[in-house]
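Structure file entry-v7.tsv with TSV, C-alpha atoms and all ligand atoms:
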chain	number	residue	atom	x	y	z
A	18	MET	CA	-23.47	5.66	8.18
A	19	ASN	CA	-23.11	8.30	5.48
A	20	SER	CA	-26.10	9.56	3.55
A	21	SER	CA	-25.49	7.67	0.30
A	22	ALA	CA	-25.05	4.35	2.14
A	23	ALA	CA	-28.14	5.17	4.20
A	24	SER	CA	-30.25	5.06	1.05
A	25	PHE	CA	-29.61	1.28	0.93
A	26	PRO	CA	-31.62	-0.94	3.29
A	27	TYR	CA	-30.16	-1.83	6.67
A	28	ILE	CA	-28.10	-5.04	6.63
A	29	PRO	CA	-27.95	-6.97	9.89
A	30	GLY	CA	-24.62	-8.36	11.05
A	31	ILE	CA	-21.20	-7.74	9.56
A	32	ARG	CA	-20.34	-7.88	5.89
A	33	LEU	CA	-17.23	-9.89	5.01
A	34	LEU	CA	-14.81	-7.75	3.03
A	35	HIS	CA	-12.64	-9.93	0.79
A	36	SER	CA	-11.50	-7.41	-1.75
A	37	PRO	CA	-7.71	-7.45	-2.28
A	38	GLY	CA	-7.63	-3.82	-1.21
A	39	PRO	CA	-9.04	-1.92	0.39
A	40	SER	CA	-8.88	-4.56	3.08
A	41	ASN	CA	-10.36	-4.77	6.59
A	42	VAL	CA	-9.29	-2.02	8.94
A	43	PRO	CA	-8.83	-3.27	12.51
A	44	LYS	CA	-10.54	-1.46	15.39
A	45	ALA	CA	-7.24	-0.14	16.81
A	46	VAL	CA	-6.49	1.50	13.47
A	47	LEU	CA	-10.01	2.94	13.12
A	48	ASP	CA	-9.67	4.42	16.61
A	49	ALA	CA	-6.31	5.99	15.77
A	50	LEU	CA	-7.80	7.54	12.61
A	51	THR	CA	-10.42	9.40	14.62
A	52	ARG	CA	-7.95	11.24	16.83
A	53	GLN	CA	-8.06	15.02	16.68
A	54	PRO	CA	-5.40	16.46	14.32
A	55	ILE	CA	-2.61	18.35	16.05
A	56	ASP	CA	-0.48	21.39	15.29
A	57	MET	CA	2.00	20.49	12.57
A	58	GLY	CA	4.85	21.82	14.73
A	59	ASP	CA	4.00	19.44	17.57
A	60	PRO	CA	6.90	16.97	17.89
A	61	ARG	CA	4.30	14.20	18.07
A	62	VAL	CA	3.75	14.52	14.32
A	63	ASP	CA	7.43	13.94	13.56
A	64	ALA	CA	7.54	11.10	16.07
A	65	CYS	CA	4.62	9.44	14.25
A	66	VAL	CA	6.29	9.90	10.84
A	67	ASP	CA	9.48	8.37	12.27
A	68	ALA	CA	7.53	5.41	13.66
A	69	CYS	CA	5.88	4.80	10.28
A	70	GLU	CA	9.25	4.96	8.53
A	71	ARG	CA	10.75	2.50	11.01
A	72	GLY	CA	7.76	0.21	10.61
A	73	LEU	CA	8.25	0.16	6.84
A	74	GLN	CA	12.01	-0.37	7.13
A	75	GLY	CA	11.29	-3.32	9.41
A	76	LEU	CA	8.78	-4.97	7.05
A	77	LEU	CA	11.03	-4.32	4.04
A	78	ASN	CA	14.08	-5.60	5.93
A	79	THR	CA	16.22	-2.65	5.01
A	80	ALA	CA	18.75	-1.05	7.32
A	81	SER	CA	19.59	1.99	5.26
A	82	ALA	CA	17.03	2.76	2.55
A	83	ASP	CA	15.40	6.19	2.73
A	84	ILE	CA	11.63	6.06	3.17
A	85	PHE	CA	9.32	8.61	1.55
A	86	LEU	CA	5.68	8.73	2.63
A	87	TYR	CA	3.07	10.49	0.52
A	88	ALA	CA	-0.56	11.48	0.79
A	89	ALA	CA	-1.30	9.37	-2.29
A	90	ASN	CA	-2.57	6.01	-3.45
A	91	GLY	CA	-0.50	3.39	-5.27
A	92	HIS	CA	-0.81	5.19	-8.60
A	93	GLY	CA	0.64	8.31	-6.97
A	94	VAL	CA	3.75	6.51	-5.81
A	95	TRP	CA	4.11	4.81	-9.19
A	96	GLU	CA	4.42	8.34	-10.56
A	97	ALA	CA	6.87	9.20	-7.76
A	98	MET	CA	9.08	6.30	-8.90
A	99	ILE	CA	8.92	7.38	-12.51
A	100	VAL	CA	9.79	11.05	-11.98
A	101	ASN	CA	12.53	10.37	-9.45
A	102	LEU	CA	14.27	7.62	-11.41
A	103	LEU	CA	13.55	8.18	-15.11
A	104	ALA	CA	14.08	11.10	-17.45
A	105	PRO	CA	11.91	11.43	-20.56
A	106	GLY	CA	13.35	9.37	-23.42
A	107	GLN	CA	14.98	6.80	-21.11
A	108	LYS	CA	14.17	3.12	-21.36
A	109	VAL	CA	12.61	0.99	-18.63
A	110	LEU	CA	11.99	-2.76	-18.77
A	111	ILE	CA	8.60	-3.78	-17.35
A	112	PRO	CA	8.02	-7.54	-17.26
A	113	GLY	CA	4.35	-8.43	-17.86
A	114	THR	CA	2.49	-9.77	-14.82
A	115	GLY	CA	-1.10	-9.53	-16.01
A	116	HIS	CA	-2.51	-6.06	-15.46
A	117	PHE	CA	-0.70	-3.86	-12.96
A	118	SER	CA	2.54	-4.07	-14.94
A	119	ASP	CA	0.64	-2.71	-17.96
A	120	ALA	CA	-0.95	0.09	-15.98
A	121	TRP	CA	2.46	1.16	-14.62
A	122	ALA	CA	3.94	0.93	-18.14
A	123	LEU	CA	1.16	3.12	-19.61
A	124	MET	CA	1.84	5.73	-16.94
A	125	ALA	CA	5.60	5.70	-17.55
A	126	GLU	CA	4.98	5.95	-21.29
A	127	ALA	CA	2.64	8.90	-20.81
A	128	MET	CA	5.46	10.60	-18.90
A	129	GLY	CA	7.91	10.17	-21.76
A	130	ALA	CA	9.69	6.92	-20.89
A	131	VAL	CA	10.31	4.29	-23.55
A	132	ILE	CA	8.93	0.95	-22.39
A	133	VAL	CA	10.50	-2.43	-23.11
A	134	ARG	CA	8.07	-5.21	-22.21
A	135	THR	CA	8.42	-8.92	-21.72
A	136	PRO	CA	5.09	-10.65	-22.38
A	137	TYR	CA	2.74	-11.88	-19.68
A	138	ILE	CA	1.88	-15.49	-20.38
A	139	GLU	CA	-1.54	-16.16	-18.92
A	140	GLY	CA	-1.38	-18.01	-15.64
A	141	GLN	CA	2.41	-17.67	-15.30
A	142	PRO	CA	4.70	-15.52	-13.16
A	143	ILE	CA	7.58	-13.49	-14.65
A	144	ASP	CA	10.12	-15.76	-16.38
A	145	PRO	CA	13.55	-14.59	-15.14
A	146	ALA	CA	15.25	-16.20	-18.17
A	147	VAL	CA	13.29	-13.93	-20.52
A	148	VAL	CA	14.22	-10.89	-18.43
A	149	GLU	CA	17.88	-11.96	-18.52
A	150	GLN	CA	17.78	-12.44	-22.31
A	151	THR	CA	16.13	-9.04	-22.83
A	152	LEU	CA	18.80	-7.35	-20.74
A	153	ARG	CA	21.59	-9.21	-22.57
A	154	GLU	CA	20.21	-7.91	-25.86
A	155	ASP	CA	20.44	-4.35	-24.51
A	156	ILE	CA	24.14	-4.17	-25.40
A	157	LYS	CA	24.38	-0.38	-25.01
A	158	HIS	CA	22.73	-0.48	-21.57
A	159	GLU	CA	19.99	1.90	-22.61
A	160	ILE	CA	17.56	0.33	-20.14
A	161	VAL	CA	18.03	2.30	-16.93
A	162	ALA	CA	15.64	0.37	-14.69
A	163	VAL	CA	13.59	-2.80	-14.35
A	164	PHE	CA	10.14	-2.15	-12.82
A	165	ALA	CA	8.69	-5.43	-11.50
A	166	VAL	CA	5.35	-6.06	-9.79
A	167	HIS	CA	5.86	-8.53	-6.92
A	168	THR	CA	2.25	-9.65	-6.60
A	169	ASP	CA	-0.02	-8.68	-9.47
A	170	THR	CA	-3.38	-8.34	-7.78
A	171	ALA	CA	-5.28	-8.86	-11.03
A	172	SER	CA	-3.65	-12.15	-12.03
A	173	SER	CA	-3.04	-13.14	-8.36
A	174	THR	CA	0.47	-14.18	-9.30
A	175	THR	CA	3.60	-13.61	-7.23
A	176	SER	CA	6.92	-13.47	-9.05
A	177	ASP	CA	10.30	-14.53	-7.68
A	178	ILE	CA	12.16	-11.33	-6.79
A	179	PRO	CA	15.54	-12.90	-5.87
A	180	ALA	CA	15.46	-14.82	-9.18
A	181	LEU	CA	14.93	-11.54	-11.04
A	182	ARG	CA	17.92	-10.00	-9.24
A	183	ARG	CA	19.99	-13.03	-10.28
A	184	ALA	CA	18.80	-12.54	-13.88
A	185	ILE	CA	19.87	-8.87	-13.88
A	186	ASP	CA	23.27	-9.84	-12.42
A	187	ALA	CA	23.72	-12.75	-14.85
A	188	ALA	CA	23.19	-10.32	-17.73
A	189	LYS	CA	25.80	-8.04	-16.11
A	190	HIS	CA	23.33	-5.21	-16.55
A	191	PRO	CA	23.53	-2.03	-14.44
A	192	ALA	CA	19.77	-1.26	-14.51
A	193	LEU	CA	18.17	-0.28	-11.22
A	194	PHE	CA	15.85	-2.92	-9.77
A	195	VAL	CA	12.53	-1.42	-8.67
A	196	VAL	CA	9.68	-3.44	-7.15
A	197	ASP	CA	5.96	-2.74	-6.56
A	198	VAL	CA	5.02	-4.34	-3.23
A	199	VAL	CA	1.55	-2.78	-2.93
A	200	ALA	CA	-0.16	-6.17	-2.71
A	201	SER	CA	2.58	-8.28	-1.15
A	202	LEU	CA	3.97	-6.26	1.77
A	203	GLY	CA	2.54	-7.46	5.05
A	204	ALA	CA	1.45	-10.77	3.52
A	205	ILE	CA	4.78	-12.33	2.56
A	206	PRO	CA	8.39	-11.60	3.52
A	207	PHE	CA	10.41	-9.01	1.64
A	208	TYR	CA	14.18	-8.56	1.99
A	209	MET	CA	15.03	-5.34	0.20
A	210	ASP	CA	18.73	-5.27	1.17
A	211	GLN	CA	19.43	-8.98	0.90
A	212	TRP	CA	17.61	-9.30	-2.42
A	213	GLY	CA	19.42	-6.32	-3.92
A	214	VAL	CA	16.29	-4.28	-4.63
A	215	ASN	CA	17.18	-0.61	-5.21
A	216	ALA	CA	13.74	0.92	-4.79
A	217	VAL	CA	10.32	-0.21	-3.61
A	218	MET	CA	6.85	1.34	-3.63
A	219	GLY	CA	3.65	0.43	-1.82
A	220	ALA	CA	0.38	1.71	-0.38
A	221	SER	CA	-1.59	1.63	2.86
A	222	GLN	CA	-4.81	-0.17	2.00
A	223	LYS	CA	-3.80	-3.78	1.38
A	224	GLY	CA	-1.51	-5.78	3.68
A	225	LEU	CA	-0.95	-2.72	5.87
A	226	MET	CA	-4.58	-2.74	7.06
A	227	CYS	CA	-5.19	1.00	6.69
A	228	PRO	CA	-7.63	2.95	4.58
A	229	PRO	CA	-6.42	4.08	1.16
A	230	GLY	CA	-4.52	7.37	1.08
A	231	VAL	CA	-0.89	6.79	2.07
A	232	GLY	CA	1.74	5.62	-0.40
A	233	PHE	CA	5.44	5.16	0.14
A	234	CYS	CA	8.72	4.72	-1.69
A	235	ALA	CA	11.93	3.26	-0.30
A	236	ALA	CA	15.18	4.05	-2.06
A	237	ASP	CA	18.69	2.72	-1.46
A	238	LYS	CA	21.94	4.63	-2.03
A	239	ARG	CA	22.11	3.79	-5.73
A	240	ALA	CA	18.52	4.85	-6.32
A	241	MET	CA	19.16	8.09	-4.41
A	242	GLN	CA	22.22	8.70	-6.58
A	243	VAL	CA	20.22	8.20	-9.77
A	244	CYS	CA	17.55	10.52	-8.38
A	245	ALA	CA	20.12	13.21	-7.53
A	246	ASN	CA	21.45	13.13	-11.11
A	247	ASN	CA	18.05	12.83	-12.80
A	248	PRO	CA	17.23	15.97	-14.84
A	249	ALA	CA	13.48	15.20	-15.07
A	250	PRO	CA	11.46	18.18	-13.81
A	251	ARG	CA	9.61	17.44	-10.57
A	252	TYR	CA	8.73	19.13	-7.30
A	253	TYR	CA	6.01	17.54	-5.16
A	254	TRP	CA	7.32	13.98	-5.59
A	255	ASP	CA	11.02	14.84	-5.39
A	256	TRP	CA	13.00	12.65	-2.99
A	257	ILE	CA	15.88	15.11	-2.58
A	258	ARG	CA	13.49	17.85	-1.49
A	259	ARG	CA	11.66	15.49	0.88
A	260	ARG	CA	14.64	13.76	2.36
A	261	LYS	CA	15.14	15.80	5.53
A	262	GLY	CA	13.51	18.14	7.97
A	263	PRO	CA	10.21	18.29	9.80
A	264	SER	CA	7.07	16.62	8.50
A	265	TYR	CA	6.09	19.75	6.54
A	266	SER	CA	9.21	19.31	4.38
A	267	ARG	CA	9.02	15.56	4.23
A	268	PHE	CA	5.44	15.72	2.96
A	269	CYS	CA	5.86	18.84	0.80
A	270	GLY	CA	3.09	20.40	2.88
A	271	THR	CA	0.78	19.23	5.63
A	272	ALA	CA	1.21	15.58	6.54
A	273	PRO	CA	-1.91	13.35	6.37
A	274	GLN	CA	-1.76	13.04	10.16
A	275	ASN	CA	-4.78	10.85	10.78
A	276	LEU	CA	-3.76	8.29	8.20
A	277	LEU	CA	-0.29	8.25	9.75
A	278	PHE	CA	-1.78	7.73	13.22
A	279	GLY	CA	-3.60	4.76	11.71
A	280	LEU	CA	-0.48	3.44	10.01
A	281	GLU	CA	1.51	3.65	13.23
A	282	ALA	CA	-1.26	1.72	15.00
A	283	ALA	CA	-1.20	-0.92	12.25
A	284	PHE	CA	2.55	-1.40	12.69
A	285	GLY	CA	1.87	-1.77	16.42
A	286	LEU	CA	-0.55	-4.63	15.69
A	287	ILE	CA	1.95	-6.31	13.34
A	288	GLN	CA	4.58	-6.03	16.07
A	289	GLN	CA	2.21	-7.48	18.66
A	290	GLU	CA	1.31	-10.47	16.52
A	291	GLY	CA	4.90	-10.89	15.31
A	292	VAL	CA	5.95	-10.43	11.69
A	293	ALA	CA	6.67	-14.15	11.23
A	294	GLN	CA	3.22	-15.01	12.59
A	295	VAL	CA	1.57	-12.47	10.30
A	296	HIS	CA	3.22	-14.11	7.30
A	297	ALA	CA	2.42	-17.63	8.52
A	298	ARG	CA	-1.24	-16.65	8.99
A	299	HIS	CA	-1.40	-15.35	5.42
A	300	GLN	CA	0.12	-18.61	4.11
A	301	ARG	CA	-2.38	-20.63	6.06
A	302	LEU	CA	-5.45	-18.64	5.02
A	303	ALA	CA	-4.28	-18.60	1.40
A	304	ALA	CA	-3.80	-22.37	1.50
A	305	ALA	CA	-7.35	-22.76	2.82
A	306	VAL	CA	-8.68	-20.70	-0.10
A	307	HIS	CA	-6.54	-22.69	-2.52
A	308	ALA	CA	-7.92	-25.94	-1.09
A	309	ALA	CA	-11.47	-24.73	-1.75
A	310	VAL	CA	-10.72	-23.51	-5.28
A	311	GLN	CA	-8.96	-26.81	-6.04
A	312	ALA	CA	-12.07	-28.69	-4.94
A	313	TRP	CA	-14.43	-26.39	-6.89
A	314	SER	CA	-12.32	-26.78	-10.00
A	315	GLU	CA	-12.72	-30.54	-10.05
A	316	ALA	CA	-16.27	-30.20	-11.47
A	317	GLY	CA	-14.70	-28.43	-14.49
A	318	GLN	CA	-16.59	-25.10	-14.42
A	319	VAL	CA	-14.04	-22.90	-12.64
A	320	GLN	CA	-10.26	-23.04	-12.25
A	321	PHE	CA	-7.23	-21.20	-10.87
A	322	LEU	CA	-6.11	-18.35	-13.11
A	323	CYS	CA	-2.54	-18.82	-11.84
A	324	GLN	CA	-1.48	-22.24	-13.07
A	325	VAL	CA	1.79	-22.44	-11.17
A	326	PRO	CA	1.00	-23.53	-7.59
A	327	HIS	CA	4.08	-21.95	-5.98
A	328	ALA	CA	3.38	-18.63	-7.72
A	329	ARG	CA	-0.17	-18.39	-6.34
A	330	SER	CA	-0.40	-15.28	-4.21
A	331	ALA	CA	-0.81	-15.32	-0.44
A	332	SER	CA	-2.89	-12.13	-0.79
A	333	VAL	CA	-5.54	-12.85	-3.41
A	334	THR	CA	-6.81	-15.70	-5.58
A	335	ALA	CA	-8.27	-15.11	-9.05
A	336	VAL	CA	-10.74	-17.77	-10.15
A	337	LEU	CA	-11.26	-18.17	-13.88
A	338	VAL	CA	-14.81	-19.16	-14.81
A	339	GLY	CA	-16.10	-21.09	-17.82
A	340	LYS	CA	-17.30	-19.25	-20.96
A	341	ASP	CA	-21.00	-19.42	-20.09
A	342	ILE	CA	-20.55	-18.10	-16.58
A	343	ASP	CA	-20.74	-14.43	-15.67
A	344	PRO	CA	-18.36	-13.77	-12.77
A	345	GLU	CA	-20.05	-10.42	-12.09
A	346	LEU	CA	-23.24	-12.33	-11.33
A	347	ILE	CA	-21.36	-14.48	-8.82
A	348	ARG	CA	-19.91	-11.31	-7.32
A	349	SER	CA	-23.22	-9.47	-7.04
A	350	THR	CA	-24.96	-12.56	-5.64
A	351	ALA	CA	-22.23	-12.97	-3.04
A	352	ARG	CA	-22.57	-9.29	-2.11
A	353	GLU	CA	-26.35	-8.89	-2.08
A	354	LYS	CA	-27.47	-12.32	-0.92
A	355	PHE	CA	-24.62	-13.42	1.32
A	356	GLN	CA	-22.88	-10.16	2.32
A	357	VAL	CA	-19.52	-11.40	1.07
A	358	LEU	CA	-17.61	-8.73	-0.84
A	359	ILE	CA	-15.29	-10.17	-3.46
A	360	ALA	CA	-13.62	-8.50	-6.43
A	361	GLY	CA	-14.08	-8.81	-10.18
A	362	GLY	CA	-11.66	-9.14	-13.07
A	363	LEU	CA	-9.43	-6.27	-14.18
A	364	GLY	CA	-7.95	-5.49	-17.59
A	365	PRO	CA	-7.62	-8.66	-19.69
A	366	PHE	CA	-9.49	-10.63	-17.01
A	367	ALA	CA	-12.64	-8.47	-16.93
A	368	GLY	CA	-15.70	-10.71	-17.27
A	369	ARG	CA	-13.56	-13.84	-16.93
A	370	VAL	CA	-12.59	-14.03	-13.27
A	371	PHE	CA	-13.69	-13.24	-9.76
A	372	ARG	CA	-11.11	-12.65	-7.06
A	373	ILE	CA	-11.07	-13.54	-3.39
A	374	GLY	CA	-8.90	-11.25	-1.30
A	375	HIS	CA	-7.26	-12.90	1.69
A	376	LEU	CA	-4.86	-10.30	3.01
A	377	GLY	CA	-4.72	-8.07	6.02
A	378	ASP	CA	-6.77	-8.30	9.20
A	379	LEU	CA	-8.37	-11.73	8.69
A	380	ASN	CA	-8.82	-14.98	10.59
A	381	PRO	CA	-9.98	-18.53	9.76
A	382	ALA	CA	-13.64	-17.89	10.59
A	383	MET	CA	-13.73	-14.95	8.20
A	384	ILE	CA	-12.10	-16.99	5.43
A	385	LEU	CA	-14.53	-19.87	5.95
A	386	GLY	CA	-17.45	-17.42	5.93
A	387	CYS	CA	-16.20	-15.93	2.69
A	388	LEU	CA	-15.71	-19.32	1.02
A	389	ALA	CA	-19.14	-20.49	2.17
A	390	GLY	CA	-20.75	-17.34	0.76
A	391	VAL	CA	-18.97	-17.73	-2.56
A	392	GLU	CA	-19.79	-21.44	-2.77
A	393	ALA	CA	-23.43	-20.76	-1.91
A	394	SER	CA	-23.57	-18.03	-4.56
A	395	MET	CA	-22.28	-20.36	-7.25
A	396	GLN	CA	-24.64	-23.09	-6.11
A	397	SER	CA	-27.61	-20.71	-6.19
A	398	LEU	CA	-26.68	-19.78	-9.77
A	399	GLY	CA	-26.59	-23.42	-10.83
A	400	ILE	CA	-22.81	-23.50	-11.34
A	401	ASP	CA	-21.45	-26.95	-10.62
A	402	VAL	CA	-18.59	-26.69	-8.14
A	403	GLY	CA	-19.31	-29.92	-6.29
A	404	SER	CA	-19.78	-29.88	-2.55
A	405	ARG	CA	-16.21	-30.20	-1.30
A	406	GLY	CA	-14.94	-26.60	-1.49
A	407	VAL	CA	-15.69	-25.29	1.98
A	408	ARG	CA	-15.19	-28.78	3.40
A	409	SER	CA	-11.66	-28.89	1.95
A	410	ALA	CA	-10.85	-25.54	3.51
A	411	VAL	CA	-12.21	-26.73	6.87
A	412	GLU	CA	-10.12	-29.90	6.62
A	413	TYR	CA	-7.03	-27.87	5.82
A	414	LEU	CA	-7.55	-25.47	8.71
A	415	ALA	CA	-8.39	-28.31	11.10
A	416	GLN	CA	-4.89	-29.72	10.72
A	417	PRO	CA	-2.43	-28.82	13.44
A	418	GLU	CA	-0.38	-25.71	12.63
A	419	ALA	CA	3.08	-26.47	11.33
B	1	LIG	C1	-3.65	-1.90	-5.82
B	1	LIG	C2	-2.39	-1.93	-6.60
B	1	LIG	C3	-1.84	-0.80	-7.21
B	1	LIG	C4	-2.55	0.51	-7.28
B	1	LIG	O1	-2.86	1.05	-6.05
B	1	LIG	P1	-3.97	2.19	-5.92
B	1	LIG	O2	-3.87	2.57	-4.49
B	1	LIG	O3	-5.27	1.60	-6.31
B	1	LIG	O4	-3.57	3.29	-6.84
B	1	LIG	C5	-0.60	-0.90	-7.81
B	1	LIG	N1	0.05	-2.07	-7.85
B	1	LIG	C6	-0.46	-3.18	-7.31
B	1	LIG	C7	0.32	-4.46	-7.38
B	1	LIG	C8	-1.69	-3.16	-6.67
B	1	LIG	O5	-2.19	-4.28	-6.14

This structure in structure tokens:
Amino acid sequence: MNSSAASFPYIPGIRLLHSPGPSNVPKAVLDALTRQPIDMGDPRVDACVDACERGLQGLLNTASADIFLYAANGHGVWEAMIVNLLAPGQKVLIPGTGHFSDAWALMAEAMGAVIVRTPYIEGQPIDPAVVEQTLREDIKHEIVAVFAVHTDTASSTTSDIPALRRAIDAAKHPALFVVDVVASLGAIPFYMDQWGVNAVMGASQKGLMCPPGVGFCAADKRAMQVCANNPAPRYYWDWIRRRKGPSYSRFCGTAPQNLLFGLEAAFGLIQQEGVAQVHARHQRLAAAVHAAVQAWSEAGQVQFLCQVPHARSASVTAVLVGKDIDPELIRSTAREKFQVLIAGGLGPFAGRVFRIGHLGDLNPAMILGCLAGVEASMQSLGIDVGSRGVRSAVEYLAQPEA
């Protein structure tokens, strides 16, 4: 235990981490992280980078996209997307998804891009018809890219990526299609090639079961072409510069070896379990959480933030609380009294929601423990959520697997 954590009292047992990132890090990954670094010229470093790239290509279902790994968090690779694909003064369409779309838009704006937004309607995913209409109105094709967030972790809403591709095509618009998969990759399927997504970015600490610190971009031929012709000044993030060579070139300096050892180990675990099983497990655990929230909501004090059942994320569930309820009190009670670590509201949802993360290295017992801790916290605060939340999750999980 480090010295700052040591100043808190000892807590017996394990604490259940249900933040939607960082998520639980499995033992095999923790072990890989603690390996001794090696000489950067050792071919084992390049072999590990290759394995991580192949792992990402597999999860993204892309045969040919270039993968770029960075020592960076999600915000870092957002910036990588912006500088590789946009020149100052160019327009980018960013459909509103709740919070992360706004944060990405603010960053692009700060870097000189002109942002076209479609509004986020609370509780709803992106409306492809509105995206199509906005692109149709762009008669001169000034919008060079659409930046869409697949799962917005703050609103816990997942948007329909193939439907957005169809909307871009229906508008006969040449904009690049770029998707943020930070919170969705590893939890739900993604078909980069089949869905016609030109570029994708993500990070290590959510569905990929690693600590924070590695980000990645994937870029198809069209995105690489745009990058090659893009006059925006850049160096560290530049895809052309990073495309080839040993790890020292691909990382623009020393590779974050230990995090890559961990990432390779995480892909090994995903392979062992089977990608389809990993996705099925996420669906099942999410459905158990949804069953509990549905039951809690029947007493009228809390409800789903995402009002469209099929758009509810497999990674995280945001629970909107009534006006007189402080979600931060639920969160701190869950943490200090029950050792269940859930997240709070971000951006427009601050002080209005708490969020249960259910992605990464989790199993039914952990989900039930989390739900019980959250239910007990609300009960101890006098919030009426009935008594059928955990029971509904148990009943759901007790059914035979489909
Ligand atoms: C977490 C997250 C980010 C930001 O990632 P950081 O690693 O915190 O910078 C971006 N987009 C989405 C959808 C996220 O969930």

Requested in this report: Name each residue within 7 Å of ligand LIG 1 (chain B), counting all atoms listed in the file, as a PyMOL selection string.
Outcome: chain A and resi 38+90-93+117+166-170+197-200+220+229

Would you mind listing what lies within 10 Å of Leu86 (chain A) as a PyMOL selection string, with all atoms listed in the file counted and same-chain residues fewer than 4 positions away left out?
-> chain A and resi 66+69-70+73+94+218-220+231-235+254+259+264+267-268+272-273+277

Let's have the selection written as a PDB file, in the coordinates of the input, with C-alpha atoms.
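Full text of result_4.pdb as output:
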ATOM      1  CA  VAL A  66       6.290   9.900  10.840  1.00  0.00           C
ATOM      2  CA  CYS A  69       5.880   4.800  10.280  1.00  0.00           C
ATOM      3  CA  GLU A  70       9.250   4.960   8.530  1.00  0.00           C
ATOM      4  CA  LEU A  73       8.250   0.160   6.840  1.00  0.00           C
ATOM      5  CA  VAL A  94       3.750   6.510  -5.810  1.00  0.00           C
ATOM      6  CA  MET A 218       6.850   1.340  -3.630  1.00  0.00           C
ATOM      7  CA  GLY A 219       3.650   0.430  -1.820  1.00  0.00           C
ATOM      8  CA  ALA A 220       0.380   1.710  -0.380  1.00  0.00           C
ATOM      9  CA  VAL A 231      -0.890   6.790   2.070  1.00  0.00           C
ATOM     10  CA  GLY A 232       1.740   5.620  -0.400  1.00  0.00           C
ATOM     11  CA  PHE A 233       5.440   5.160   0.140  1.00  0.00           C
ATOM     12  CA  CYS A 234       8.720   4.720  -1.690  1.00  0.00           C
ATOM     13  CA  ALA A 235      11.930   3.260  -0.300  1.00  0.00           C
ATOM     14  CA  TRP A 254       7.320  13.980  -5.590  1.00  0.00           C
ATOM     15  CA  ARG A 259      11.660  15.490   0.880  1.00  0.00           C
ATOM     16  CA  SER A 264       7.070  16.620   8.500  1.00  0.00           C
ATOM     17  CA  ARG A 267       9.020  15.560   4.230  1.00  0.00           C
ATOM     18  CA  PHE A 268       5.440  15.720   2.960  1.00  0.00           C
ATOM     19  CA  ALA A 272       1.210  15.580   6.540  1.00  0.00           C
ATOM     20  CA  PRO A 273      -1.910  13.350   6.370  1.00  0.00           C
ATOM     21  CA  LEU A 277      -0.290   8.250   9.750  1.00  0.00           C
TER      22      LEU A 277
END

Extract, using all atoms listed in the file, all DNA, RNA and protein residues at most 10 Å from Phe207 (chain A), discarding same-chain residues fewer than 4 positions from it, and format them as number ranges by chain. A: 75-79, 167, 178-179, 198, 201-203, 211-212, 214

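The residue set within 12 Å of Lys354 (chain A), counting all atoms listed in the file and dropping same-chain residues fewer than 2 places from it, reads A:Ile28, A:Arg32, A:Leu346, A:Ile347, A:Arg348, A:Ser349, A:Thr350, A:Ala351, A:Arg352, A:Gln356, A:Val357, A:Leu358, A:Gly390, A:Val391, A:Ala393, A:Ser394, A:Met395, A:Ser397, A:Leu398.
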
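CA of Gly377 (chain A) is found 29.7 Å from CA of Leu193 (chain A).
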
I need the residue nearest Gln288 (chain A) from this list: A:Arg71, A:Ala165, A:Glu353, A:Arg153. Use only C-alpha atoms for the distance.
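Of the candidates, the smallest distance to Gln288 (chain A) is held by A:Arg71.
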
One residue among A:Ala236, A:Val292, A:Ala192, A:Leu376 is nearest to Asp210 (chain A) when using all atoms listed in the file, and that residue is A:Ala236

Of A:Asp401, A:Ala415, A:Glu126, A:Gly374, the one sitting nearest Gln320 (chain A) when using all atoms listed in the file is A:Asp401

Nearest to Ile55 (chain A) among A:Phe25, A:Val333, A:Asn275, A:Arg369, with distances taken over all atoms listed in the file: which residue is it?
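Going through A:Phe25, A:Val333, A:Asn275, A:Arg369 one by one, the smallest distance to Ile55 (chain A) is for A:Asn275.
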
Atom-to-atom span, CA of Pro250 (chain A) and CA of Leu276 (chain A), Å =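 Distance between the two atoms: 28.5 Å.
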
Do you know which residues are at most 9 Å from region 282-286 of chain A counting all atoms listed in the file, after dropping those on the same chain fewer than 3 positions away, and could you put them as a list in words?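 Near region 282-286 of chain A, the qualifying residues are Val42, Pro43, Ala45, Val46, Asp48, Ala49, Ala68, Cys69, Gly72, Leu73, Leu225, Met226, Cys227, Leu277, Phe278, Gly279, Gln289, Glu290 and Gly291 of chain A.
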
The residue from A:Glu418, A:Asp255, A:Asp63, A:Glu412 with the smallest atom-to-atom distance to Gln300 (chain A), counting only C-alpha atoms, is A:Glu418

Nearest to Gly262 (chain A), restricted to all atoms listed in the file and choosing among A:Val306, A:Ala249, A:Asp67, A:Glu139, comes out as A:Asp67

If you count all atoms listed in the file, which residues fall within 9 Å of Ile384 (chain A), apart from same-chain ones fewer than 5 positions away, as a PyMOL selection string? chain A and resi 33+35+302-303+305-306+375+379+389+410

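Straight-line separation from CA of Thr175 (chain A) to CA of Ser40 (chain A): 18.5 Å.
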